[in-house]
file coords02.txt (compact mmCIF, C-alpha atoms)
# COMPACT_ATOMS: atom_id res chain seq x y z
CA MET J 1 0.00 0.00 0.00
CA GLN J 2 1.52 3.29 -1.08
CA ASN J 3 0.44 6.88 -0.73
CA ASN J 4 0.62 9.23 -3.71
CA PRO J 5 3.25 11.98 -4.11
CA SER J 6 0.75 14.73 -3.26
CA PHE J 7 0.18 13.14 0.13
CA SER J 8 3.94 12.83 0.67
CA SER J 9 4.23 16.61 0.36
CA SER J 10 2.13 16.88 3.54
CA LEU J 11 4.58 14.77 5.57
CA ILE J 12 7.18 16.46 7.76
CA PRO J 13 10.31 15.16 5.98
CA ILE J 14 12.05 13.75 9.05
CA VAL J 15 11.84 10.23 10.47
CA CYS J 16 12.68 9.59 14.11
CA LEU J 17 13.71 6.13 15.26
CA ASP J 18 14.57 4.55 18.59
CA ILE J 19 16.03 1.15 17.76
CA GLY J 20 16.43 -0.92 20.91
CA GLY J 21 17.43 -4.52 21.57
CA THR J 22 14.23 -6.02 20.17
CA LEU J 23 11.93 -3.25 18.92
CA THR J 24 12.04 -0.26 16.61
CA LYS J 25 9.97 2.74 17.74
CA LEU J 26 9.07 5.13 14.92
CA THR J 27 7.83 8.71 15.40
CA PHE J 28 6.83 11.00 12.54
CA ALA J 29 4.57 13.96 11.85
CA ILE J 30 2.08 15.05 9.20
CA LYS J 31 0.07 18.21 8.70
CA LYS J 32 -3.07 18.29 10.82
CA GLY J 33 -6.28 16.68 9.63
CA LEU J 34 -4.89 14.29 7.01
CA ALA J 35 -6.01 10.67 7.04
CA LEU J 36 -3.27 8.06 7.19
CA LYS J 37 -3.40 4.82 5.22
CA CYS J 38 -1.22 2.92 7.65
CA GLN J 39 -1.87 1.56 11.13
CA THR J 40 -0.40 3.67 13.94
CA LYS J 41 -0.89 3.74 17.70
CA GLU J 42 -3.89 6.03 17.48
CA GLU J 43 -4.26 6.33 21.25
CA LEU J 44 -0.81 7.93 21.45
CA LYS J 45 -1.29 10.58 18.74
CA ILE J 46 -0.28 14.07 19.87
CA ILE J 47 -2.01 17.13 18.46
CA ASN J 48 -0.11 20.21 19.55
CA GLU J 49 -2.37 23.26 19.59
CA ASN J 50 0.60 25.55 18.93
CA GLU J 51 1.85 23.76 15.81
CA ASP J 52 0.37 22.87 12.42
CA TYR J 53 1.29 19.17 12.59
CA GLU J 54 0.32 16.08 14.59
CA ILE J 55 2.69 13.39 15.85
CA HIS J 56 2.15 9.67 15.18
CA PHE J 57 3.75 6.50 16.55
CA ILE J 58 4.49 2.98 15.26
CA SER J 59 6.48 0.11 16.78
CA HIS J 60 7.57 -3.23 15.32
CA PRO J 61 10.20 -5.94 15.91
CA ASN J 62 13.63 -4.94 14.65
CA SER J 63 13.75 -5.56 10.91
CA LEU J 64 15.05 -3.32 8.16
CA ASP J 65 12.58 -4.84 5.69
CA VAL J 66 9.63 -4.11 7.99
CA LEU J 67 10.89 -0.55 8.56
CA ILE J 68 11.07 0.14 4.82
CA GLN J 69 7.61 -1.37 4.39
CA LYS J 70 6.23 0.95 7.08
CA LEU J 71 7.88 3.98 5.45
CA GLU J 72 6.29 3.01 2.12
CA GLN J 73 2.87 2.64 3.74
CA ILE J 74 3.14 6.07 5.36
CA GLY J 75 4.30 7.70 2.12
CA PHE J 76 7.89 8.52 2.98
CA ILE J 77 9.07 6.21 0.17
CA VAL J 78 7.17 6.40 -3.13
CA ASP J 79 8.00 4.13 -6.07
CA GLY J 80 11.34 3.34 -4.47
CA LYS J 81 12.27 7.01 -4.08
CA SER J 82 12.78 8.44 -0.59
CA GLN J 83 11.05 11.67 0.45
CA ILE J 84 13.07 11.77 3.69
CA GLN J 85 15.59 14.52 4.35
CA ASN J 86 16.90 13.24 7.68
CA PHE J 87 16.69 10.25 9.97
CA TYR J 88 17.11 11.15 13.66
CA ILE J 89 18.11 7.88 15.29
CA THR J 90 18.80 6.78 18.85
CA GLY J 91 19.27 3.46 20.65
CA GLY J 92 21.77 0.64 20.17
CA GLY J 93 20.37 -0.20 16.74
CA SER J 94 21.43 3.21 15.44
CA PHE J 95 24.85 1.63 14.95
CA LYS J 96 23.65 -1.76 13.67
CA TYR J 97 21.45 -0.38 10.88
CA TYR J 98 23.37 2.80 10.11
CA ASP J 99 24.66 1.83 6.67
CA GLN J 100 21.38 0.37 5.39
CA ILE J 101 19.20 3.26 6.58
CA SER J 102 21.62 5.84 5.16
CA ASN J 103 20.59 4.68 1.68
CA TYR J 104 17.24 6.44 2.24
CA GLY J 105 18.33 9.71 3.84
CA ASN J 106 20.91 11.55 5.92
CA ILE J 107 21.38 10.15 9.44
CA ILE J 108 21.75 12.22 12.60
CA ARG J 109 22.48 10.03 15.61
CA ILE J 110 21.19 11.20 19.02
CA ASN J 111 22.76 9.99 22.26
CA GLU J 112 20.30 7.63 23.95
CA PHE J 113 20.10 9.55 27.23
CA ASP J 114 19.97 12.91 25.46
CA ALA J 115 17.00 11.58 23.48
CA LEU J 116 15.20 10.80 26.75
CA LYS J 117 15.98 14.30 28.02
CA PHE J 118 14.61 15.92 24.87
CA GLY J 119 11.55 13.67 24.91
CA PHE J 120 10.57 14.88 28.36
CA LYS J 121 11.40 18.43 27.33
CA LEU J 122 8.90 18.18 24.51
CA LEU J 123 6.15 16.66 26.67
CA ASP J 124 6.73 19.16 29.47
CA SER J 125 6.72 22.12 27.10
CA ILE J 126 3.34 21.36 25.53
CA LYS J 127 1.69 20.15 28.80
CA TYR J 128 -0.18 17.57 26.76
CA LYS J 129 -3.27 16.21 28.50
CA ASN J 130 -3.35 12.70 29.92
CA THR J 131 0.41 12.21 29.62
CA TYR J 132 1.34 11.10 33.15
CA PHE J 133 -0.65 8.81 35.40
CA THR J 134 -0.70 6.64 38.50
CA PHE J 135 -2.17 3.16 38.55
CA ASN J 136 -4.07 1.63 41.44
CA ASN J 137 -6.90 -0.62 40.25
CA GLY J 138 -7.21 1.70 37.27
CA ILE J 139 -5.55 4.66 35.60
CA GLU J 140 -5.65 8.08 37.24
CA TYR J 141 -4.19 10.85 35.08
CA LEU J 142 -2.17 13.68 36.59
CA GLN J 143 -3.29 17.08 35.39
CA LEU J 144 0.01 18.91 35.81
CA THR J 145 0.18 22.67 35.38
CA ALA J 146 3.68 23.12 36.80
CA SER J 147 6.93 21.51 35.67
CA ILE J 148 7.45 17.81 36.29
CA TYR J 149 11.04 18.37 37.48
CA PRO J 150 12.83 17.07 39.50
CA PHE J 151 12.15 13.38 39.03
CA ILE J 152 13.79 9.98 38.72
CA LEU J 153 13.25 7.99 35.53
CA VAL J 154 13.40 4.20 35.54
CA ASN J 155 13.66 3.25 31.87
CA ILE J 156 12.99 -0.47 31.39
CA GLY J 157 14.03 -1.94 28.09
CA SER J 158 16.12 -5.07 27.57
CA GLY J 159 18.14 -3.72 30.52
CA VAL J 160 17.30 -0.95 32.98
CA SER J 161 18.73 2.56 33.29
CA ILE J 162 17.89 4.87 36.19
CA LEU J 163 18.32 8.60 35.59
CA LYS J 164 17.90 11.66 37.79
CA PHE J 165 16.50 14.79 36.14
CA ASP J 166 17.08 18.00 38.10
CA ASN J 167 15.62 20.20 35.34
CA GLU J 168 15.10 20.09 31.59
CA ASP J 169 18.81 20.45 30.90
CA LYS J 170 20.53 18.77 33.83
CA PHE J 171 20.34 15.01 34.23
CA ALA J 172 22.60 12.07 35.07
CA ARG J 173 22.47 8.30 34.95
CA ILE J 174 22.67 7.27 38.59
CA SER J 175 22.16 3.52 38.38
CA GLY J 176 20.78 0.58 36.45
CA THR J 177 20.42 -3.17 36.44
CA SER J 178 20.75 -5.99 33.92
CA LEU J 179 17.55 -7.57 35.29
CA GLY J 180 15.09 -6.05 32.81
CA GLY J 181 12.87 -6.97 29.91
CA GLY J 182 15.60 -9.05 28.25
CA MET J 183 15.90 -11.26 31.32
CA PHE J 184 12.11 -11.61 31.55
CA LEU J 185 11.89 -12.57 27.87
CA GLY J 186 14.88 -14.94 28.06
CA LEU J 187 13.73 -16.84 31.15
CA SER J 188 10.14 -16.95 29.91
CA HIS J 189 11.38 -18.44 26.64
CA LEU J 190 13.43 -20.98 28.59
CA PHE J 191 10.39 -22.06 30.62
CA THR J 192 7.75 -21.94 27.88
CA GLY J 193 9.46 -22.02 24.48
CA ILE J 194 7.59 -18.81 23.59
CA ASN J 195 9.64 -15.92 22.22
CA ASP J 196 6.81 -13.44 21.55
CA PHE J 197 6.80 -10.68 24.19
CA ASP J 198 3.18 -9.69 23.57
CA GLU J 199 2.04 -13.29 23.89
CA LEU J 200 3.90 -13.62 27.19
CA LEU J 201 2.19 -10.48 28.48
CA ARG J 202 -1.17 -11.96 27.53
CA MET J 203 -0.28 -15.09 29.51
CA THR J 204 0.30 -13.04 32.67
CA LYS J 205 -3.39 -12.12 32.67
CA GLU J 206 -4.26 -15.80 33.00
CA GLY J 207 -1.53 -16.76 35.46
CA SER J 208 -1.15 -16.53 39.23
CA ASN J 209 2.16 -16.41 41.04
CA ALA J 210 0.59 -17.94 44.18
CA ALA J 211 1.40 -21.43 42.88
CA THR J 212 5.08 -20.64 42.25
CA ASP J 213 6.17 -17.92 44.69
CA LEU J 214 6.49 -18.18 48.45
CA LEU J 215 4.44 -15.31 49.86
CA MET J 216 4.94 -13.28 53.01
CA ASP J 217 2.02 -14.74 54.94
CA GLU J 218 3.30 -18.25 54.17
CA VAL J 219 6.79 -17.45 55.42
CA HIS J 220 5.46 -16.03 58.70
CA LEU J 221 3.04 -18.94 59.17
CA GLY J 222 0.21 -16.84 60.48
CA PHE J 223 2.31 -14.44 62.51
CA GLN J 224 2.31 -10.77 61.64
CA SER J 225 4.83 -9.82 58.96
CA PRO J 226 7.12 -6.77 59.31
CA THR J 227 4.46 -4.72 57.51
CA ARG J 228 2.02 -5.55 60.34
CA ASN J 229 -0.46 -7.15 57.96
CA LYS J 230 -1.34 -10.72 58.81
CA ASN J 231 -2.77 -11.21 55.31
CA GLU J 232 0.40 -10.12 53.52
CA LYS J 233 0.44 -11.47 49.95
CA HIS J 234 3.67 -9.90 48.72
CA VAL J 235 6.48 -12.04 47.33
CA ALA J 236 8.98 -13.35 49.87
CA VAL J 237 10.81 -15.86 47.64
CA SER J 238 10.46 -15.88 43.86
CA MET J 239 9.93 -19.43 42.54
CA GLY J 240 10.00 -20.59 46.18
CA LYS J 241 7.42 -23.34 45.59
CA LEU J 242 8.84 -24.93 42.45
CA LYS J 243 10.54 -27.68 44.45
CA GLN J 244 7.25 -28.92 45.93
CA ASN J 245 4.98 -28.11 42.97
CA SER J 246 6.22 -29.85 39.84
CA ASN J 247 2.96 -29.53 37.89
CA ILE J 248 2.76 -25.74 37.38
CA ASN J 249 1.27 -24.30 34.22
CA GLN J 250 3.18 -21.93 31.95
CA SER J 251 1.01 -18.88 32.66
CA ASP J 252 1.80 -19.16 36.39
CA LEU J 253 5.53 -19.34 35.64
CA VAL J 254 5.41 -16.26 33.40
CA LYS J 255 3.41 -14.33 36.02
CA SER J 256 6.03 -15.26 38.63
CA LEU J 257 8.81 -13.99 36.32
CA LEU J 258 6.92 -10.72 35.86
CA TYR J 259 6.75 -10.31 39.64
CA MET J 260 10.42 -11.21 40.05
CA THR J 261 11.46 -8.62 37.46
CA THR J 262 9.24 -5.79 38.67
CA TYR J 263 9.92 -6.33 42.38
CA ASN J 264 13.69 -6.10 41.87
CA ILE J 265 13.47 -3.01 39.67
CA SER J 266 10.95 -1.30 41.98
CA GLN J 267 13.09 -1.86 45.07
CA ILE J 268 16.16 -0.36 43.38
CA ALA J 269 14.05 2.58 42.18
CA PHE J 270 12.61 3.27 45.61
CA LEU J 271 16.03 3.15 47.28
CA HIS J 272 17.31 5.75 44.81
CA SER J 273 14.29 7.99 45.37
CA LYS J 274 15.08 7.86 49.08
CA LEU J 275 18.83 8.35 48.59
CA HIS J 276 18.34 11.42 46.38
CA ASN J 277 15.27 12.68 48.25
CA ILE J 278 13.10 12.83 45.13
CA GLU J 279 9.53 11.68 45.58
CA ARG J 280 8.40 11.58 41.95
CA VAL J 281 9.57 8.40 40.21
CA PHE J 282 8.52 7.66 36.63
CA PHE J 283 8.67 4.20 35.08
CA SER J 284 8.94 4.00 31.31
CA GLY J 285 10.14 1.78 28.51
CA HIS J 286 8.65 -0.69 26.08
CA PHE J 287 8.74 -3.41 28.76
CA ILE J 288 5.77 -1.63 30.36
CA ARG J 289 3.72 -0.73 27.24
CA ASN J 290 0.85 0.45 29.47
CA HIS J 291 0.14 -3.23 30.11
CA GLU J 292 -2.24 -3.55 33.04
CA GLU J 293 -0.57 -6.52 34.73
CA THR J 294 2.86 -4.87 34.53
CA LEU J 295 1.52 -1.55 35.85
CA GLN J 296 -0.17 -3.35 38.73
CA CYS J 297 2.98 -5.30 39.64
CA ILE J 298 5.18 -2.18 39.67
CA ASN J 299 2.62 -0.21 41.67
CA GLU J 300 2.25 -3.03 44.18
CA ALA J 301 5.99 -3.52 44.59
CA PHE J 302 7.00 0.16 44.76
CA SER J 303 4.19 0.98 47.22
CA TYR J 304 5.17 -2.02 49.33
CA PHE J 305 8.80 -0.93 49.71
CA SER J 306 7.66 2.62 50.41
CA LYS J 307 5.33 1.38 53.14
CA LEU J 308 8.10 -0.70 54.70
CA ASP J 309 10.12 2.50 55.04
CA GLN J 310 7.10 4.38 56.44
CA GLN J 311 6.92 6.50 53.31
CA ASN J 312 3.90 7.23 51.16
CA ARG J 313 5.44 7.26 47.70
CA HIS J 314 3.77 5.88 44.61
CA PRO J 315 5.14 5.21 41.13
CA TYR J 316 4.13 7.30 38.11
CA PHE J 317 3.82 6.19 34.52
CA ILE J 318 3.88 7.83 31.10
CA LYS J 319 1.34 7.31 28.34
CA HIS J 320 4.07 7.44 25.67
CA ASP J 321 6.37 5.27 27.79
CA GLY J 322 8.07 3.31 24.99
CA PHE J 323 8.47 6.33 22.72
CA ILE J 324 10.26 8.92 24.88
CA GLY J 325 13.53 8.34 23.00
CA SER J 326 11.99 8.67 19.55
CA LEU J 327 10.05 11.74 20.77
CA GLY J 328 13.36 13.25 21.85
CA SER J 329 14.78 12.54 18.41
CA PHE J 330 11.71 14.21 16.93
CA TRP J 331 12.29 17.29 19.09
CA ASN J 332 15.82 17.54 17.67
CA GLY J 333 14.56 17.15 14.13
CA ILE J 334 11.76 19.68 14.35
CA GLN J 335 14.02 22.30 15.96
CA THR J 336 16.52 21.89 13.12
CA LEU J 337 13.73 22.09 10.53
CA LYS J 338 12.46 25.35 12.03
CA GLN J 339 15.95 26.86 12.09
CA ASN J 340 16.51 25.99 8.43
CA LYS J 341 13.28 27.74 7.45
CA GLN J 342 14.26 31.00 9.15
call {"tool": "encode", "arguments": {"input": "coords02.txt", "output": "structure tokens"}}
result
Amino acid sequence: MQNNPSFSSSLIPIVCLDIGGTLTKLTFAIKKGLALKCQTKEELKIINENEDYEIHFISHPNSLDVLIQKLEQIGFIVDGKSQIQNFYITGGGSFKYYDQISNYGNIIRINEFDALKFGFKLLDSIKYKNTYFTFNNGIEYLQLTASIYPFILVNIGSGVSILKFDNEDKFARISGTSLGGGMFLGLSHLFTGINDFDELLRMTKEGSNAATDLLMDEVHLGFQSPTRNKNEKHVAVSMGKLKQNSNINQSDLVKSLLYMTTYNISQIAFLHSKLHNIERVFFSGHFIRNHEETLQCINEAFSYFSKLDQQNRHPYFIKHDGFIGSLGSFWNGIQTLKQNKQ
């Protein structure tokens, strides 16, 4: 499916990519009000009242062929000819696919952490509605009128990076862990033979970790746990029941792995929020994908560690969580485009 050249003239001639370990996140813009002939993440579309364009989002497993196909469907490539002036690329894949992508346009590589900084700068500058939210048995959006800074960002991809943002220009990577989405996918594949991340997330809806994990109330055998809740259902030992339960279904195993991953990340995140005295902690990355089970696990774990420390901190999430890097690349591209038109 290809768009005609007249439609291509309505595209903003920059393509912004965040190529991670497993997924490519694509951000692009068209003039307002035009109908697209390709499938995008419609719920993530941004219409900026102060600009004459709207921003769209697509993600797909890393594949150069799929990327070119998507660009043809959008209208950036017509009859084999590229309409793209510049690719703004971030992520590890910006090195892997550099030569192939350069055949279709000039490449500007953006440092991965700078892309995150610019992505938040864009979102904070337009104060777009329903961007940030908490999750506790449902989504509750934050209607922010002031700046979001300072905050800690826990970016969960194949691995995990933890960054501290003091303001829109000053940030630093303060920690990280290798126990991220790549570990979850790898161990899940080992247990189930399934290598499709979306399918594994669907399985977590059907599974229960109660059959695999040793829970707090089971460890304390009816006595009050340190949180003073005799009905404590939080994880004490991940996979602690595998030795006695040999007939556990795959969905339960995947749910247990989701808990193991999120509990470890959430504890590290909370400790850094305490260490740096920053209450607002955002979780982002394509591992989360606004997936309800993942949101619930992170909220449960982070709130649990906060309660243990007699704090009342809760995690925050971002509607465009997997696309902050490509949004930051877009911010770079659109600023350059404006400067060139002056």
call {"tool": "closest_residue", "arguments": {"input": "coords02.txt", "among": "J:Ile108, J:Cys297, J:Ile288, J:Leu242", "to": "Asn264 (chain J)", "atoms": "only C-alpha atoms"}}
result
J:Cys297
call {"tool": "closest_residue", "arguments": {"input": "coords02.txt", "among": "J:Asn245, J:Gly240, J:Gly186, J:Lys255", "to": "Gly207 (chain J)", "atoms": "all atoms listed in the file"}}
result
J:Lys255
call {"tool": "closest_residue", "arguments": {"input": "coords02.txt", "among": "J:Leu144, J:Val254, J:Val154, J:Val219", "to": "Ser188 (chain J)", "atoms": "all atoms listed in the file"}}
result
J:Val254
call {"tool": "atom_distance", "arguments": {"input": "coords02.txt", "atom1": "CA of Phe184 (chain J)", "atom2": "CA of Phe171 (chain J)"}}
result
28.0 Å
call {"tool": "residues_around", "arguments": {"input": "coords02.txt", "residues": "Phe305 (chain J)", "least_positions_apart": "2", "cutoff": "10 Å", "atoms": "only C-alpha atoms", "output": "PyMOL selection string"}}
result
chain J and resi 227+263+266-271+300-303+307-314
call {"tool": "residues_near_point", "arguments": {"input": "coords02.txt", "point": "(13.8, 10.7, 26.8)", "cutoff": "12 Å", "atoms": "all atoms listed in the file", "output": "NGL selection string"}}
result
:J and (18 or 90-91 or 110-124 or 152-155 or 161-165 or 168-169 or 171 or 282-285 or 318 or 320-332)
call {"tool": "atom_distance", "arguments": {"input": "coords02.txt", "atom1": "CA of Val15 (chain J)", "atom2": "CA of Phe87 (chain J)"}}
result
4.9 Å
call {"tool": "atom_distance", "arguments": {"input": "coords02.txt", "atom1": "CA of Ile101 (chain J)", "atom2": "CA of Ser178 (chain J)"}}
result
28.9 Å
call {"tool": "closest_residue", "arguments": {"input": "coords02.txt", "among": "J:Leu185, J:Ala35, J:Leu201, J:Leu17", "to": "Ser251 (chain J)", "atoms": "all atoms listed in the file"}}
result
J:Leu201
call {"tool": "closest_residue", "arguments": {"input": "coords02.txt", "among": "J:Leu187, J:Ile107, J:Leu179, J:Cys38", "to": "Thr261 (chain J)", "atoms": "only C-alpha atoms"}}
result
J:Leu179
call {"tool": "closest_residue", "arguments": {"input": "coords02.txt", "among": "J:Ile19, J:Arg109, J:Thr40, J:Met183", "to": "Asn195 (chain J)", "atoms": "all atoms listed in the file"}}
result
J:Met183
call {"tool": "residues_around", "arguments": {"input": "coords02.txt", "residues": "Met203 (chain J)", "least_positions_apart": "4", "cutoff": "12 Å", "atoms": "all atoms listed in the file", "output": "PyMOL selection string"}}
result
chain J and resi 188+192+194+196-199+207-209+249-258+291+293-294
